[in-house]
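To start, the structure itself, in structure tokens.
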Amino acid sequence: MSADSGGAPVVRPYRPRDRDAVYDVCVRTADAGGDARGLYRDPDLMPDLFAGPYVHLAPHLAFVLDDGERAVGYAVGTADTAAFAEAFRREWLPRVAGRYPRARTPDTPDERMTELLYTPERMVLPELAGHPAHLHVDILPGHQRAGHGTALVHALLDALRREGAERVHLGMLTVNTGARRFYDRLGFHELAVPDPGPLTYLGRSTEVGAAR
């Protein structure tokens, strides 16, 4: 169901025609929650890392916030991070690698992000084994702080639980304090990961209403 003209946005399952809007949302929220347009040579780099592989490999675990005209937010994820990393390398990387030459010594922002593309195994950390699912959520600024993020996360948590995943994690940029407050309100708690770099890892149960 889509939102009626002038009505409140609604959460619904992802459809293939949402792909361009999902990519746009990803780019416009990829700079620690801010607009990343113009930061990378190829505007599809960030969505090819953090949105595209999910809607391609696990479209049944993707939900969008529909304002009646287009997707203005999304939640995507996987029930099994290790299996997802394998599928990323096997199925997704060959589809996009030609657009992003790999640097021998990643130095620029583009090269560092491209290196993430070529190393999907980075997602698999032993400290997160007890939270095998993971997710990403992004919403355009004009639709934030209205309860839509909670609705998106709850839709995805329900779907992950039906897939058999009892716990989920996410990695967020530590500097994005607004996102941290959002996840704290949703019952996520910090997961200890040695040398996490610029990220903070958070986790919780996939049971909607659970405190942890």
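Please note that chains go A, B, ... in the order of the structure tokens, that every chain numbers its residues from 1, and that ligands are numbered from 1 in the order shown.
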
So which residues of segment 18-106 of chain A fall under strand (DSSP E) by DSSP, listed as a list in words?
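Taking segment 18-106 of chain A and keeping strand (DSSP E) gives Ala62, Phe63, Val64, Leu65, Asp66, Ala71, Val72, Gly73, Tyr74, Ala75, Val76, Gly77 and Thr78 of chain A.
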
Write out as a ChimeraX atom specification the residues lying within 9 Å of Ala21 of chain A, counting only C-alpha atoms and excluding same-chain residues fewer than 5 positions away.
/A:26,70-73

Under the rule that only C-alpha atoms are counted, which of A:Arg28, A:Leu45, A:Tyr23, A:Gly33 is the nearest residue to Asp110 of chain A?
A:Leu45

Could you tell me which of A:Glu69, A:Asp44, A:Glu86, A:Asp158 comes closest to Val208 of chain A if we count only C-alpha atoms?
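Using only C-alpha atoms, the shortest distance to Val208 of chain A belongs to A:Asp158.
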
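Proximity to Leu199 of chain A was assessed for A:Arg104, A:Phe88, A:Leu173, A:Thr29 counting only C-alpha atoms; the smallest distance is recorded for A:Leu173.
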
Using only C-alpha atoms: which of A:Pro16, A:Gly178, A:Pro194, A:Pro141 has the shortest distance to Ala62 of chain A:
A:Pro16

Would you kindly return, as number ranges by chain, each protein, DNA or RNA residue with an atom no farther than 6 Å from any atom of segment 11-15 of chain A, considering only C-alpha atoms and excluding same-chain residues fewer than 4 positions away?
A: 62-65

Residues near Asp184 of chain A, anyone? I mean within 12 Å using only C-alpha atoms, not counting same-chain ones fewer than 5 positions away, as an mmCIF file with N, CA and C atoms, in the first residue's frame.
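To be explicit, this is the file written out as selection-v1.cif:
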```cif
data_model
loop_
_atom_site.group_PDB
_atom_site.id
_atom_site.type_symbol
_atom_site.label_atom_id
_atom_site.label_comp_id
_atom_site.auth_asym_id
_atom_site.auth_seq_id
_atom_site.Cartn_x
_atom_site.Cartn_y
_atom_site.Cartn_z
ATOM 1 N N THR A 150 11.216 3.963 13.520
ATOM 2 C CA THR A 150 10.792 2.870 14.388
ATOM 3 C C THR A 150 9.933 1.876 13.624
ATOM 4 N N THR A 177 25.823 11.035 16.375
ATOM 5 C CA THR A 177 25.178 10.951 17.688
ATOM 6 C C THR A 177 23.654 10.910 17.594
ATOM 7 N N GLY A 178 23.097 11.517 16.564
ATOM 8 C CA GLY A 178 21.652 11.456 16.388
ATOM 9 C C GLY A 178 21.176 10.040 16.150
ATOM 10 N N ALA A 179 21.925 9.301 15.309
ATOM 11 C CA ALA A 179 21.578 7.904 15.061
ATOM 12 C C ALA A 179 21.709 7.086 16.340
ATOM 13 N N HIS A 189 21.847 -2.023 22.329
ATOM 14 C CA HIS A 189 22.887 -1.790 23.315
ATOM 15 C C HIS A 189 24.245 -2.030 22.652
ATOM 16 N N GLU A 190 25.273 -1.459 23.224
ATOM 17 C CA GLU A 190 26.605 -1.525 22.613
ATOM 18 C C GLU A 190 27.195 -2.921 22.740
ATOM 19 N N TYR A 201 29.360 -0.669 17.382
ATOM 20 C CA TYR A 201 28.472 -1.783 17.070
ATOM 21 C C TYR A 201 27.402 -1.889 18.143
ATOM 22 N N LEU A 202 26.171 -2.062 17.694
ATOM 23 C CA LEU A 202 25.028 -2.159 18.583
ATOM 24 C C LEU A 202 24.241 -3.415 18.247
ATOM 25 N N GLY A 203 23.532 -3.968 19.243
ATOM 26 C CA GLY A 203 22.735 -5.148 18.981
ATOM 27 C C GLY A 203 21.509 -5.208 19.868
ATOM 28 N N ARG A 204 20.596 -6.095 19.501
ATOM 29 C CA ARG A 204 19.381 -6.328 20.288
ATOM 30 C C ARG A 204 18.699 -7.599 19.772
ATOM 31 N N ALA A 211 13.336 -5.689 25.374
ATOM 32 C CA ALA A 211 14.187 -4.598 25.865
ATOM 33 C C ALA A 211 15.595 -4.712 25.316
ATOM 34 N N ARG A 212 16.035 -5.921 25.024
ATOM 35 C CA ARG A 212 17.405 -6.132 24.571
ATOM 36 C C ARG A 212 17.412 -6.987 23.328
#
```

Using DSSP on the backbone coordinates, identify all residues within segment 44-194 of chain A classified as helix (DSSP H, G or I); present the result as a VMD selection string.
chain A and resid 45 to 50 52 to 57 59 to 61 81 to 99 109 to 117 120 to 123 126 to 128 141 to 143 148 to 162 177 to 185

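When only C-alpha atoms are used to measure the gap to Ala58 of chain A, the shortest distance among A:Asp42, A:Asp35, A:Glu163, A:Glu111 belongs to A:Glu163.
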
Got a sec: who's within 12 Å of Tyr40 of chain A, counting only C-alpha atoms, leaving out chain neighbours fewer than 4 positions off, as a PyMOL selection string?
chain A and resi 27+30-31+35-36+44-47+100+108-114

Surrounding residues of His154 of chain A excluding itself and chain neighbours under 2 positions, 12 Å, only C-alpha atoms, as number ranges by chain
A: 11-12, 61-63, 74-76, 135, 137, 147-152, 156-161, 168, 183, 186-187, 204-210

Residues as selected, C-alpha atoms, written as a short mmCIF file (atom, residue, chain, number, x, y, z; two decimals), in the first residue's frame, can you do that?
```
data_model
loop_
_atom_site.label_atom_id
_atom_site.label_comp_id
_atom_site.auth_asym_id
_atom_site.auth_seq_id
_atom_site.Cartn_x
_atom_site.Cartn_y
_atom_site.Cartn_z
CA VAL A 11 5.99 1.32 5.43
CA ARG A 12 5.69 -1.42 2.83
CA LEU A 61 14.18 -8.38 3.93
CA ALA A 62 13.87 -4.85 2.53
CA PHE A 63 11.20 -2.32 3.46
CA TYR A 74 14.35 2.19 3.83
CA ALA A 75 15.43 -0.63 6.11
CA VAL A 76 17.47 -3.49 4.66
CA LEU A 135 20.62 -4.17 9.22
CA VAL A 137 18.24 2.07 8.08
CA GLY A 147 8.15 7.59 14.15
CA HIS A 148 8.88 6.28 10.66
CA GLY A 149 12.30 4.92 11.58
CA THR A 150 10.79 2.87 14.39
CA ALA A 151 8.15 1.50 12.01
CA LEU A 152 10.81 0.53 9.46
CA LEU A 156 12.50 -5.59 9.46
CA LEU A 157 12.86 -7.13 12.93
CA ASP A 158 9.65 -9.10 12.38
CA ALA A 159 10.93 -10.34 9.02
CA LEU A 160 14.32 -11.30 10.45
CA ARG A 161 12.68 -13.22 13.26
CA VAL A 168 20.60 -8.52 15.12
CA TYR A 183 18.98 3.20 18.29
CA LEU A 186 14.82 1.23 20.09
CA GLY A 187 16.53 -0.91 22.71
CA ARG A 204 19.38 -6.33 20.29
CA SER A 205 16.81 -9.09 20.05
CA THR A 206 14.69 -9.30 16.91
CA GLU A 207 11.59 -9.67 19.09
CA VAL A 208 9.62 -6.45 18.75
CA GLY A 209 8.96 -5.09 22.23
CA ALA A 210 11.98 -6.83 23.76
#
```

Please identify all polymer residues within 10 Å of segment 121-124 of chain A, counting only C-alpha atoms, omitting same-chain residues fewer than 3 positions from it, and present them as a PDB file with N, CA, C and O atoms, in the first residue's frame.
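Output saved as around03.pdb:
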```
ATOM      1  N   ASP A  80      21.656 -13.649   8.101  1.00  0.00           N
ATOM      2  CA  ASP A  80      22.897 -14.415   8.313  1.00  0.00           C
ATOM      3  C   ASP A  80      24.048 -13.635   7.685  1.00  0.00           C
ATOM      4  O   ASP A  80      24.254 -13.682   6.470  1.00  0.00           O
ATOM      5  N   THR A  81      24.795 -12.918   8.506  1.00  0.00           N
ATOM      6  CA  THR A  81      25.857 -12.060   7.991  1.00  0.00           C
ATOM      7  C   THR A  81      26.944 -12.840   7.273  1.00  0.00           C
ATOM      8  O   THR A  81      27.436 -12.406   6.226  1.00  0.00           O
ATOM      9  N   ALA A  82      27.333 -13.999   7.804  1.00  0.00           N
ATOM     10  CA  ALA A  82      28.393 -14.784   7.168  1.00  0.00           C
ATOM     11  C   ALA A  82      27.965 -15.250   5.779  1.00  0.00           C
ATOM     12  O   ALA A  82      28.737 -15.158   4.810  1.00  0.00           O
ATOM     13  N   ALA A  83      26.736 -15.742   5.663  1.00  0.00           N
ATOM     14  CA  ALA A  83      26.240 -16.181   4.358  1.00  0.00           C
ATOM     15  C   ALA A  83      26.095 -14.995   3.406  1.00  0.00           C
ATOM     16  O   ALA A  83      26.340 -15.116   2.199  1.00  0.00           O
ATOM     17  N   PHE A  84      25.700 -13.847   3.944  1.00  0.00           N
ATOM     18  CA  PHE A  84      25.569 -12.657   3.116  1.00  0.00           C
ATOM     19  C   PHE A  84      26.922 -12.223   2.564  1.00  0.00           C
ATOM     20  O   PHE A  84      27.029 -11.851   1.389  1.00  0.00           O
ATOM     21  N   ALA A  85      27.961 -12.264   3.389  1.00  0.00           N
ATOM     22  CA  ALA A  85      29.297 -11.890   2.918  1.00  0.00           C
ATOM     23  C   ALA A  85      29.750 -12.810   1.786  1.00  0.00           C
ATOM     24  O   ALA A  85      30.367 -12.355   0.808  1.00  0.00           O
ATOM     25  N   GLU A  86      29.436 -14.086   1.893  1.00  0.00           N
ATOM     26  CA  GLU A  86      29.793 -15.023   0.825  1.00  0.00           C
ATOM     27  C   GLU A  86      29.022 -14.706  -0.459  1.00  0.00           C
ATOM     28  O   GLU A  86      29.597 -14.720  -1.559  1.00  0.00           O
ATOM     29  N   PHE A  88      27.738 -11.828  -1.267  1.00  0.00           N
ATOM     30  CA  PHE A  88      28.245 -10.538  -1.737  1.00  0.00           C
ATOM     31  C   PHE A  88      29.435 -10.770  -2.669  1.00  0.00           C
ATOM     32  O   PHE A  88      29.493 -10.211  -3.774  1.00  0.00           O
ATOM     33  N   ARG A  89      30.383 -11.577  -2.217  1.00  0.00           N
ATOM     34  CA  ARG A  89      31.567 -11.832  -3.046  1.00  0.00           C
ATOM     35  C   ARG A  89      31.215 -12.630  -4.294  1.00  0.00           C
ATOM     36  O   ARG A  89      31.707 -12.338  -5.388  1.00  0.00           O
ATOM     37  N   LEU A 116      36.374  -1.379   0.857  1.00  0.00           N
ATOM     38  CA  LEU A 116      35.301  -2.066   1.590  1.00  0.00           C
ATOM     39  C   LEU A 116      34.486  -2.955   0.650  1.00  0.00           C
ATOM     40  O   LEU A 116      34.073  -4.052   1.016  1.00  0.00           O
ATOM     41  N   LEU A 117      34.257  -2.467  -0.559  1.00  0.00           N
ATOM     42  CA  LEU A 117      33.507  -3.238  -1.542  1.00  0.00           C
ATOM     43  C   LEU A 117      34.196  -4.565  -1.836  1.00  0.00           C
ATOM     44  O   LEU A 117      33.530  -5.601  -1.992  1.00  0.00           O
ATOM     45  N   TYR A 118      35.524  -4.537  -1.912  1.00  0.00           N
ATOM     46  CA  TYR A 118      36.281  -5.738  -2.255  1.00  0.00           C
ATOM     47  C   TYR A 118      36.560  -6.650  -1.067  1.00  0.00           C
ATOM     48  O   TYR A 118      37.148  -7.715  -1.239  1.00  0.00           O
ATOM     49  N   GLU A 127      33.081 -11.433  17.465  1.00  0.00           N
ATOM     50  CA  GLU A 127      32.375 -10.844  18.602  1.00  0.00           C
ATOM     51  C   GLU A 127      30.885 -10.636  18.322  1.00  0.00           C
ATOM     52  O   GLU A 127      30.096 -10.415  19.245  1.00  0.00           O
ATOM     53  N   LEU A 128      30.496 -10.689  17.047  1.00  0.00           N
ATOM     54  CA  LEU A 128      29.104 -10.461  16.659  1.00  0.00           C
ATOM     55  C   LEU A 128      28.383 -11.757  16.324  1.00  0.00           C
ATOM     56  O   LEU A 128      27.230 -11.727  15.882  1.00  0.00           O
ATOM     57  N   ALA A 129      29.035 -12.895  16.560  1.00  0.00           N
ATOM     58  CA  ALA A 129      28.447 -14.180  16.182  1.00  0.00           C
ATOM     59  C   ALA A 129      27.113 -14.430  16.888  1.00  0.00           C
ATOM     60  O   ALA A 129      26.232 -15.109  16.341  1.00  0.00           O
ATOM     61  N   PRO A 132      23.704 -12.726  14.664  1.00  0.00           N
ATOM     62  CA  PRO A 132      24.074 -13.060  13.286  1.00  0.00           C
ATOM     63  C   PRO A 132      23.428 -12.205  12.204  1.00  0.00           C
ATOM     64  O   PRO A 132      23.979 -12.076  11.114  1.00  0.00           O
ATOM     65  N   HIS A 134      22.104  -8.579  10.526  1.00  0.00           N
ATOM     66  CA  HIS A 134      22.456  -7.163  10.630  1.00  0.00           C
ATOM     67  C   HIS A 134      21.550  -6.345   9.724  1.00  0.00           C
ATOM     68  O   HIS A 134      20.866  -6.883   8.842  1.00  0.00           O
ATOM     69  N   LEU A 170      24.192  -3.931  14.192  1.00  0.00           N
ATOM     70  CA  LEU A 170      24.474  -2.913  13.177  1.00  0.00           C
ATOM     71  C   LEU A 170      25.774  -2.224  13.546  1.00  0.00           C
ATOM     72  O   LEU A 170      26.187  -2.228  14.708  1.00  0.00           O
ATOM     73  N   GLY A 171      26.410  -1.651  12.546  1.00  0.00           N
ATOM     74  CA  GLY A 171      27.594  -0.828  12.768  1.00  0.00           C
ATOM     75  C   GLY A 171      27.287   0.592  12.343  1.00  0.00           C
ATOM     76  O   GLY A 171      26.824   0.808  11.222  1.00  0.00           O
TER      77      GLY A 171
END
```

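Distance check against Gly68 of chain A using only C-alpha atoms: of A:Arg162, A:Pro196, A:Ala8, A:His143, the minimum falls on A:Ala8.
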